[in-house]
Amino acid sequence: MATVAGTMAAPTAEGVVWSWLTTVDHKRIGVLYGVSAFIFFLIGGVEALLIRAQLAVPNGGVIDPELYNQLFTMHALTMIFLAVMPLGAAFFNFMIPLMIGARDVAFPRLNALSYWIFLAGGLVLTSSFFLGGAPDTGWFAYAPISGGTYSGSGMDYYVIGLLILGLSSLAAALNFAVTIINMRAPGLTMMRMPIFVWMTLIVAFLLILALPVLTVALVQLLFDRQFTTSFFLPSGGGDPILWQHLFWIFGHPEVYILILPAMGIVSEVLPTFSRKPLFGYAAMVFAGVAIGFLGWAVWSHHMFTTGLGAVPRVVFATSTMIIGVPTGIKIFNWLSTMWGGSIRFTTAMYFSVSFIALFTIGGISGVMHASPPVDQQQQDTYFIVAHLHYVLVGGAIVGIFSGLYYWWPKMTGRFLSETLGKWNFWLMFIGLNMTFFPMHFLGVAGMPRRIYTYDEGLGWEFWNMFASVGALILAVGVLVFVINVARTMRQPKTAGDNPWDGSTLEWATSSPPPEHDFDAIPEVRARDPLWYDRDHGLSQPEGDPDEHIHMPPPSYYPLILALGVLMLGVGPLSHLAVTALGVPVIIYAIWGWVLEPTE
Amino acid sequence: MRSSRSLRRLAPIALLAIALALAACSDPQTTVDPKSDFADDIQFVYLLTFWLGMAVFIGILALTIGLAFWYRERPGRVAKQIHGNTRLEIVWTLIPVVLVVVMAVPTWQVIADSSKPAPDDALRVNAIGRQWWFEFQYDLDNDGEYDDLITANELHIPAGRPVTFSLLADDVIHSFWVPQLAGKVDMVPGHVNDLWFTPHEDAARAEAYLGQCAEFCGTAHANMRFRVFVDTPEGFDAWVANEQADGAEPADELAQLGQELFLTPVWTLPGGGGGILGCTGCHTVAGAPGAVGKIGPNLTHVGSRSTIAAGILDTNFENLVAWISNPDREKPGADYNDDTARFMPAFETVLTREQIEAIAVYLLGLQ
């Protein structure tokens, strides 16, 4: 077929490397997200281990304070933006079209663009370690310490890196919102959608609304640093508290962006292995939506110690406590899903059941510091470190591991070893509790966060050493997972279409699914469609071998456009000429993108 | 009954954990051993939320383990195909609502109480956070001027009398936190935050209450500590009288030499490559001619303070010598940048060991 002037013909899927670089297949993009994010997860883990090595004993001498400050900042940024969010995105990419009975996402090339921009942002952020020092003011980058006077070039990498990553998440969020709303299989009404799809939809809307706030704040910070605009600098008439409001209006919904996908995964795993439908489906949906809404009304609970007036403290304390209600509903519904079941304890189920207890610990400590007076004793201590890690490790990461074990056979056609899986689970479970539970005690004993050293005699020695040992055990648990993955890739593809007797549409196609996902678009007659079919002697439609299935061809342009965006970002960090060169790259990529033939 | 046996084995571990957690009450920077009215109020809500949380947690943990155990796959068991139960769901929506009300009402009460203005007879103190130390300025005569007594890193307050702090910062955000006396309040540049409390009548003791900066503020954040001494009213008056006196005159020849060195305005770098300000460029010693610097801690009675370098080194000869020689070695970041004179230079570049020792002797004499 002819190509329009100045555009390239669609790549032919010959070389392996090019086929991955130009893919627009949601499953391959999901794999790219998953592999990249897991590598970043390991990097973030190494950062955490260095932190625990330094804190294992009082007056530790493993790393100096400058590096320590970079490490705790980068640990948070890496885990939040480069590991947990994209691991969620990996599941969205791979599973959502399969779960709604579609053949791809609404905008396949935009999907590829999201991934390549994510990778660009991740590389910008991580490269700062080798290019003059990483960001070192905490992931929250409070003004004025994040301004030009008090921090180095690492903060520019922070601003540029997060701006690029925000673009990626925004594109992905729009893509998934449109996909879920428009591309569901016949019969899959909103109130028949799997809970994971619902949680993805809520996350997409949270991202669409939260990221612009962060983007505005980051641009202001960039201008403060580069041009002394003083949005946040009191010396120029600005206000550092303004940054805190903007950051946390993004930052608190971000917490739900991190945890809702895990809640969605758990809501799929528990019914499958309890062999009964999710208890209180409608309540689960509305609780998720309520959390999404209330997540916008609680940001100032991060700021109870900043001198907020009595009225905002009362309002934000109350709204924060109220979030406990929909969260409680979810916990009770998960428990009731097990009630009356016949529970098969696979590794995925181990992770999901432990999620309930671990997330509850994080939820309860969260309600404690929802009370501003209590928060005045817990804010910025290890009690908060314990709380957030129970939510993000005990919650998000444990949920993600549950999803990995659950959907691995679907993604690869191969089973992960259950024996290694149980080792994986118990080592991680013991390790994370040993690491994070004692941090409650350290917080109660008055140990502040973000300190690279502490004196002996404060009663902090024992639990710090204990936590550091726990971190090693946790790391071994993750290593067992890596071994399990390496091992499974040599196993035969024995999974079959529906190895767990799951009820949702992804189990109606082969494992791994064909490029076009479904030979015939599935039909949904009820919630839990495959169980309905099974119990009513129905079957899904067979594909017509003669049907021509139109799939979007691979494309170079997402990669080229992402390269242009990367050049725009690298400019302010190196020489503005790079930015200037990036503009024609972007224009060319958009030109080619628009005029690229779709056959 | 495998599970109950393993539970019994776990019980001593759980008890040990709780015992060790309670031992935290004897930790010097503990958050759960209140010694003021405000800290008492916090403690009340803290314990309320803690016990409610424990009850909920134990309930959910028991349900999780119990349901997982009871409904595990067994031959002949068929899962009941239930979709929900409206009555149950209403009940467990209402339970958290009730718990929220029980926690919210006392929370509102404590917020309202702690937001009232301080009583008129309160002792008034400005506390200023700086990278990386605290300055305390007292307004003892209630004239609105915080110029009656200026000290650094060690506060003295009388037991039983309200004390109200205006919390300030002039570089980055810091946070003022003495866990046993009050919950933390941030020190934000461009803002004035208030905090007041009344130490218990029986809170007076020789040992200090430990405080620490609780908002990340840069390289030496971990080493930005301070101490609060709660004195008897008489002890406090005696401390004030001593602090308001001029700095002590040197007691011997070595101290005399130290004072001369201390008062030298500028030191020339070896090789003639410019110079650095002497001690008085940044520090005040009341009564010593020319020692009126305002950038660093006021040293008029530095020898009477229990620590130097913002609570990280005991005040003694060796530590003073080490600190003056090279502050950055003792507290990384103390001279982290060269764009301002705000940070303390390493005087070993311009002074001999003997000269530094003489200055240390002089400073120790500033009781």
# chains A, B, ... in the order shown; residues from 1 in each chain; ligands from 1

call {"tool": "closest_atom_pairs", "arguments": {"of": "chain B", "to": "chain A", "cutoff": "7 Å", "atoms": "only C-alpha atoms", "output": "tab-separated table"}}
result
residue	atom	partner	partner_atom	distance
B:Ala21	CA	A:Phe441	CA	5.7
B:Ala24	CA	A:Ala445	CA	5.4
B:Asp27	CA	A:Gly459	CA	5.3
B:Pro28	CA	A:Leu458	CA	5.8
B:Gln29	CA	A:Gly446	CA	5.1
B:Thr30	CA	A:Ala445	CA	4.2
B:Thr31	CA	A:Val444	CA	5.4
B:Val32	CA	A:Val444	CA	6.8
B:Ile42	CA	A:Pro373	CA	5.3
B:Val45	CA	A:Val374	CA	6.6
B:Tyr46	CA	A:Val374	CA	5.4
B:Thr49	CA	A:Met368	CA	5.5
B:Phe50	CA	A:Met368	CA	6.9
B:Gly53	CA	A:Ile364	CA	5.6
B:Phe57	CA	A:Ile361	CA	6.9
B:Leu61	CA	A:Ala357	CA	5.9
B:Thr64	CA	A:Leu335	CA	6.4
B:Leu67	CA	A:Trp339	CA	6.0
B:Ala68	CA	A:Met338	CA	6.9
B:Tyr71	CA	A:Ser342	CA	5.5
B:Arg72	CA	A:Ile343	CA	4.4
B:Glu73	CA	A:Ser342	CA	4.6
B:Arg77	CA	A:Ser342	CA	6.1
B:Val78	CA	A:Ser342	CA	6.1
B:Ala79	CA	A:Gly341	CA	4.2
B:Lys80	CA	A:Gly340	CA	5.5
B:Gln81	CA	A:Lys276	CA	5.3
B:Ile82	CA	A:Pro277	CA	6.8
B:His83	CA	A:Phe279	CA	5.0
B:Gly84	CA	A:Gly280	CA	4.5
B:Trp92	CA	A:Ile329	CA	6.6
B:Thr93	CA	A:Ile329	CA	6.1
B:Pro96	CA	A:Val325	CA	5.4
B:Val97	CA	A:Val325	CA	6.3
B:Val100	CA	A:Met321	CA	6.0
B:Ala104	CA	A:Thr318	CA	6.4
B:Thr107	CA	A:Ser371	CA	5.9
B:Trp108	CA	A:Val314	CA	5.9
B:Val110	CA	A:Pro373	CA	7.0
B:Ile111	CA	A:Ala310	CA	6.2
B:Ala112	CA	A:Ala310	CA	6.6
B:Ser115	CA	A:Ala310	CA	6.3
B:Val172	CA	A:Pro144	CA	5.4
B:Pro179	CA	A:Gln377	CA	6.5
B:Gly183	CA	A:Gln376	CA	4.4
B:Lys184	CA	A:Gln376	CA	5.0
B:Val185	CA	A:Thr305	CA	4.8
B:Asp186	CA	A:Thr306	CA	5.0
B:Pro189	CA	A:Pro234	CA	6.4
B:Gly190	CA	A:Pro234	CA	5.4
B:Asn193	CA	A:Gly307	CA	5.6
B:Ala214	CA	A:Pro448	CA	6.0
B:Glu215	CA	A:Asp380	CA	6.7
B:Phe216	CA	A:Arg450	CA	6.4
B:Cys217	CA	A:Ile145	CA	6.9
B:Gly218	CA	A:Thr137	CA	7.0
B:Thr219	CA	A:Pro65	CA	5.9
B:His221	CA	A:Ile451	CA	6.5
B:Ala222	CA	A:Ile451	CA	4.3

call {"tool": "closest_atom_pairs", "arguments": {"of": "range 81-130 of chain A", "to": "range 564-583 of chain A", "cutoff": "9 Å", "atoms": "only C-alpha atoms", "output": "JSON lines"}}
result
{"residue": "A:Ile117", "atom": "CA", "partner": "A:Val565", "partner_atom": "CA", "distance": 7.3}
{"residue": "A:Ala120", "atom": "CA", "partner": "A:Leu566", "partner_atom": "CA", "distance": 5.9}
{"residue": "A:Gly121", "atom": "CA", "partner": "A:Leu566", "partner_atom": "CA", "distance": 7.5}
{"residue": "A:Val124", "atom": "CA", "partner": "A:Val570", "partner_atom": "CA", "distance": 7.8}

call {"tool": "closest_residue", "arguments": {"among": "B:Trp51, B:Phe226, B:Phe343, B:Phe262", "to": "Tyr362 in chain B", "atoms": "only C-alpha atoms"}}
result
B:Phe262

call {"tool": "residues_around", "arguments": {"residues": "Ser468 in chain A", "least_positions_apart": "3", "cutoff": "7 Å", "atoms": "only C-alpha atoms", "output": "PyMOL selection string"}}
result
chain A and resi 52-53+56+435+464-465+471-472

call {"tool": "decode", "arguments": {"residues": "range 216-341 of chain B", "atoms": "C-alpha atoms", "output": "mmCIF file, in the first residue's frame"}}
result
data_model
loop_
_atom_site.group_PDB
_atom_site.id
_atom_site.type_symbol
_atom_site.label_atom_id
_atom_site.label_comp_id
_atom_site.auth_asym_id
_atom_site.auth_seq_id
_atom_site.Cartn_x
_atom_site.Cartn_y
_atom_site.Cartn_z
ATOM 1 C CA PHE B 216 13.039 16.956 56.745
ATOM 2 C CA CYS B 217 15.263 20.024 56.431
ATOM 3 C CA GLY B 218 18.411 18.917 54.608
ATOM 4 C CA THR B 219 21.747 17.229 55.133
ATOM 5 C CA ALA B 220 21.940 17.494 58.934
ATOM 6 C CA HIS B 221 18.231 16.996 59.633
ATOM 7 C CA ALA B 222 19.045 13.909 61.700
ATOM 8 C CA ASN B 223 21.401 15.996 63.848
ATOM 9 C CA MET B 224 19.025 18.866 64.558
ATOM 10 C CA ARG B 225 18.039 18.128 68.124
ATOM 11 C CA PHE B 226 17.226 20.155 71.199
ATOM 12 C CA ARG B 227 16.553 19.748 74.893
ATOM 13 C CA VAL B 228 13.915 21.123 77.193
ATOM 14 C CA PHE B 229 14.596 21.454 80.909
ATOM 15 C CA VAL B 230 11.486 21.760 83.041
ATOM 16 C CA ASP B 231 12.645 23.542 86.209
ATOM 17 C CA THR B 232 10.961 24.250 89.498
ATOM 18 C CA PRO B 233 9.780 27.893 89.550
ATOM 19 C CA GLU B 234 12.754 28.797 91.788
ATOM 20 C CA GLY B 235 15.158 26.881 89.577
ATOM 21 C CA PHE B 236 13.804 28.663 86.541
ATOM 22 C CA ASP B 237 14.250 32.095 88.176
ATOM 23 C CA ALA B 238 17.836 31.213 89.057
ATOM 24 C CA TRP B 239 18.512 30.059 85.490
ATOM 25 C CA VAL B 240 17.038 33.305 84.110
ATOM 26 C CA ALA B 241 19.181 35.400 86.450
ATOM 27 C CA ASN B 242 22.321 33.580 85.316
ATOM 28 C CA GLU B 243 21.403 33.776 81.626
ATOM 29 C CA GLN B 244 20.706 37.502 81.790
ATOM 30 C CA ALA B 245 24.175 38.202 83.202
ATOM 31 C CA ASP B 246 27.028 39.053 80.859
ATOM 32 C CA GLY B 247 29.398 36.332 79.766
ATOM 33 C CA ALA B 248 31.990 35.394 82.405
ATOM 34 C CA GLU B 249 35.428 37.009 82.207
ATOM 35 C CA PRO B 250 38.282 34.586 81.456
ATOM 36 C CA ALA B 251 39.415 32.855 84.631
ATOM 37 C CA ASP B 252 43.029 32.236 83.709
ATOM 38 C CA GLU B 253 45.687 33.076 81.132
ATOM 39 C CA LEU B 254 44.740 30.309 78.740
ATOM 40 C CA ALA B 255 41.127 31.442 78.756
ATOM 41 C CA GLN B 256 42.348 35.008 78.344
ATOM 42 C CA LEU B 257 44.201 33.936 75.187
ATOM 43 C CA GLY B 258 41.076 32.084 74.082
ATOM 44 C CA GLN B 259 38.990 35.217 74.477
ATOM 45 C CA GLU B 260 41.466 37.253 72.426
ATOM 46 C CA LEU B 261 41.338 34.667 69.662
ATOM 47 C CA PHE B 262 37.551 34.507 69.952
ATOM 48 C CA LEU B 263 37.307 38.266 69.505
ATOM 49 C CA THR B 264 39.620 38.402 66.475
ATOM 50 C CA PRO B 265 37.326 39.687 63.721
ATOM 51 C CA VAL B 266 38.983 38.192 60.636
ATOM 52 C CA TRP B 267 41.485 35.393 59.985
ATOM 53 C CA THR B 268 43.653 35.388 56.892
ATOM 54 C CA LEU B 269 43.859 32.072 55.129
ATOM 55 C CA PRO B 270 47.359 30.622 54.874
ATOM 56 C CA GLY B 271 48.903 31.582 51.549
ATOM 57 C CA GLY B 272 46.999 34.862 51.578
ATOM 58 C CA GLY B 273 44.037 33.549 49.623
ATOM 59 C CA GLY B 274 41.475 35.748 51.353
ATOM 60 C CA GLY B 275 40.127 35.319 54.855
ATOM 61 C CA ILE B 276 37.294 34.042 56.967
ATOM 62 C CA LEU B 277 35.318 35.817 59.628
ATOM 63 C CA GLY B 278 36.250 35.122 63.204
ATOM 64 C CA CYS B 279 33.883 33.795 65.840
ATOM 65 C CA THR B 280 32.252 37.172 66.452
ATOM 66 C CA GLY B 281 31.100 37.390 62.846
ATOM 67 C CA CYS B 282 28.334 35.002 63.801
ATOM 68 C CA HIS B 283 28.251 34.643 67.592
ATOM 69 C CA THR B 284 27.312 36.868 70.500
ATOM 70 C CA VAL B 285 28.885 36.814 73.946
ATOM 71 C CA ALA B 286 27.157 39.524 75.962
ATOM 72 C CA GLY B 287 29.710 41.826 77.567
ATOM 73 C CA ALA B 288 32.618 40.798 75.344
ATOM 74 C CA PRO B 289 33.518 43.777 73.157
ATOM 75 C CA GLY B 290 32.534 43.289 69.522
ATOM 76 C CA ALA B 291 31.023 39.832 70.044
ATOM 77 C CA VAL B 292 27.606 40.705 68.658
ATOM 78 C CA GLY B 293 27.136 38.313 65.691
ATOM 79 C CA LYS B 294 23.555 37.189 65.208
ATOM 80 C CA ILE B 295 23.902 34.432 62.615
ATOM 81 C CA GLY B 296 24.966 31.580 64.855
ATOM 82 C CA PRO B 297 23.925 30.487 68.327
ATOM 83 C CA ASN B 298 24.338 32.965 71.187
ATOM 84 C CA LEU B 299 27.295 31.710 73.217
ATOM 85 C CA THR B 300 27.039 33.947 76.288
ATOM 86 C CA HIS B 301 26.485 30.931 78.540
ATOM 87 C CA VAL B 302 27.484 28.130 76.228
ATOM 88 C CA GLY B 303 29.542 26.463 78.944
ATOM 89 C CA SER B 304 26.433 25.968 81.053
ATOM 90 C CA ARG B 305 24.556 24.131 78.310
ATOM 91 C CA SER B 306 24.683 20.353 78.440
ATOM 92 C CA THR B 307 25.318 19.901 74.720
ATOM 93 C CA ILE B 308 26.729 21.717 71.714
ATOM 94 C CA ALA B 309 26.055 21.448 67.975
ATOM 95 C CA ALA B 310 22.251 21.219 68.410
ATOM 96 C CA GLY B 311 22.105 18.424 70.917
ATOM 97 C CA ILE B 312 24.542 16.004 69.348
ATOM 98 C CA LEU B 313 27.750 16.472 71.413
ATOM 99 C CA ASP B 314 28.166 16.709 75.176
ATOM 100 C CA THR B 315 29.677 20.002 76.216
ATOM 101 C CA ASN B 316 33.263 19.211 77.117
ATOM 102 C CA PHE B 317 36.776 20.229 76.157
ATOM 103 C CA GLU B 318 37.416 17.492 73.586
ATOM 104 C CA ASN B 319 34.138 18.011 71.795
ATOM 105 C CA LEU B 320 34.568 21.783 71.672
ATOM 106 C CA VAL B 321 38.045 21.389 70.193
ATOM 107 C CA ALA B 322 36.808 18.875 67.642
ATOM 108 C CA TRP B 323 33.836 21.054 66.732
ATOM 109 C CA ILE B 324 35.827 24.283 66.264
ATOM 110 C CA SER B 325 38.522 22.432 64.324
ATOM 111 C CA ASN B 326 36.144 20.950 61.768
ATOM 112 C CA PRO B 327 32.392 21.134 62.400
ATOM 113 C CA ASP B 328 31.599 19.242 59.243
ATOM 114 C CA ARG B 329 33.450 16.190 60.509
ATOM 115 C CA GLU B 330 31.261 16.094 63.622
ATOM 116 C CA LYS B 331 28.028 16.995 61.853
ATOM 117 C CA PRO B 332 28.113 16.489 58.093
ATOM 118 C CA GLY B 333 26.556 19.456 56.354
ATOM 119 C CA ALA B 334 27.648 22.020 58.954
ATOM 120 C CA ASP B 335 29.698 23.788 56.264
ATOM 121 C CA TYR B 336 27.900 22.277 53.290
ATOM 122 C CA ASN B 337 27.930 25.246 51.003
ATOM 123 C CA ASP B 338 30.031 28.272 50.470
ATOM 124 C CA ASP B 339 27.370 30.678 49.250
ATOM 125 C CA THR B 340 26.734 32.191 52.632
ATOM 126 C CA ALA B 341 28.535 32.790 55.859
#
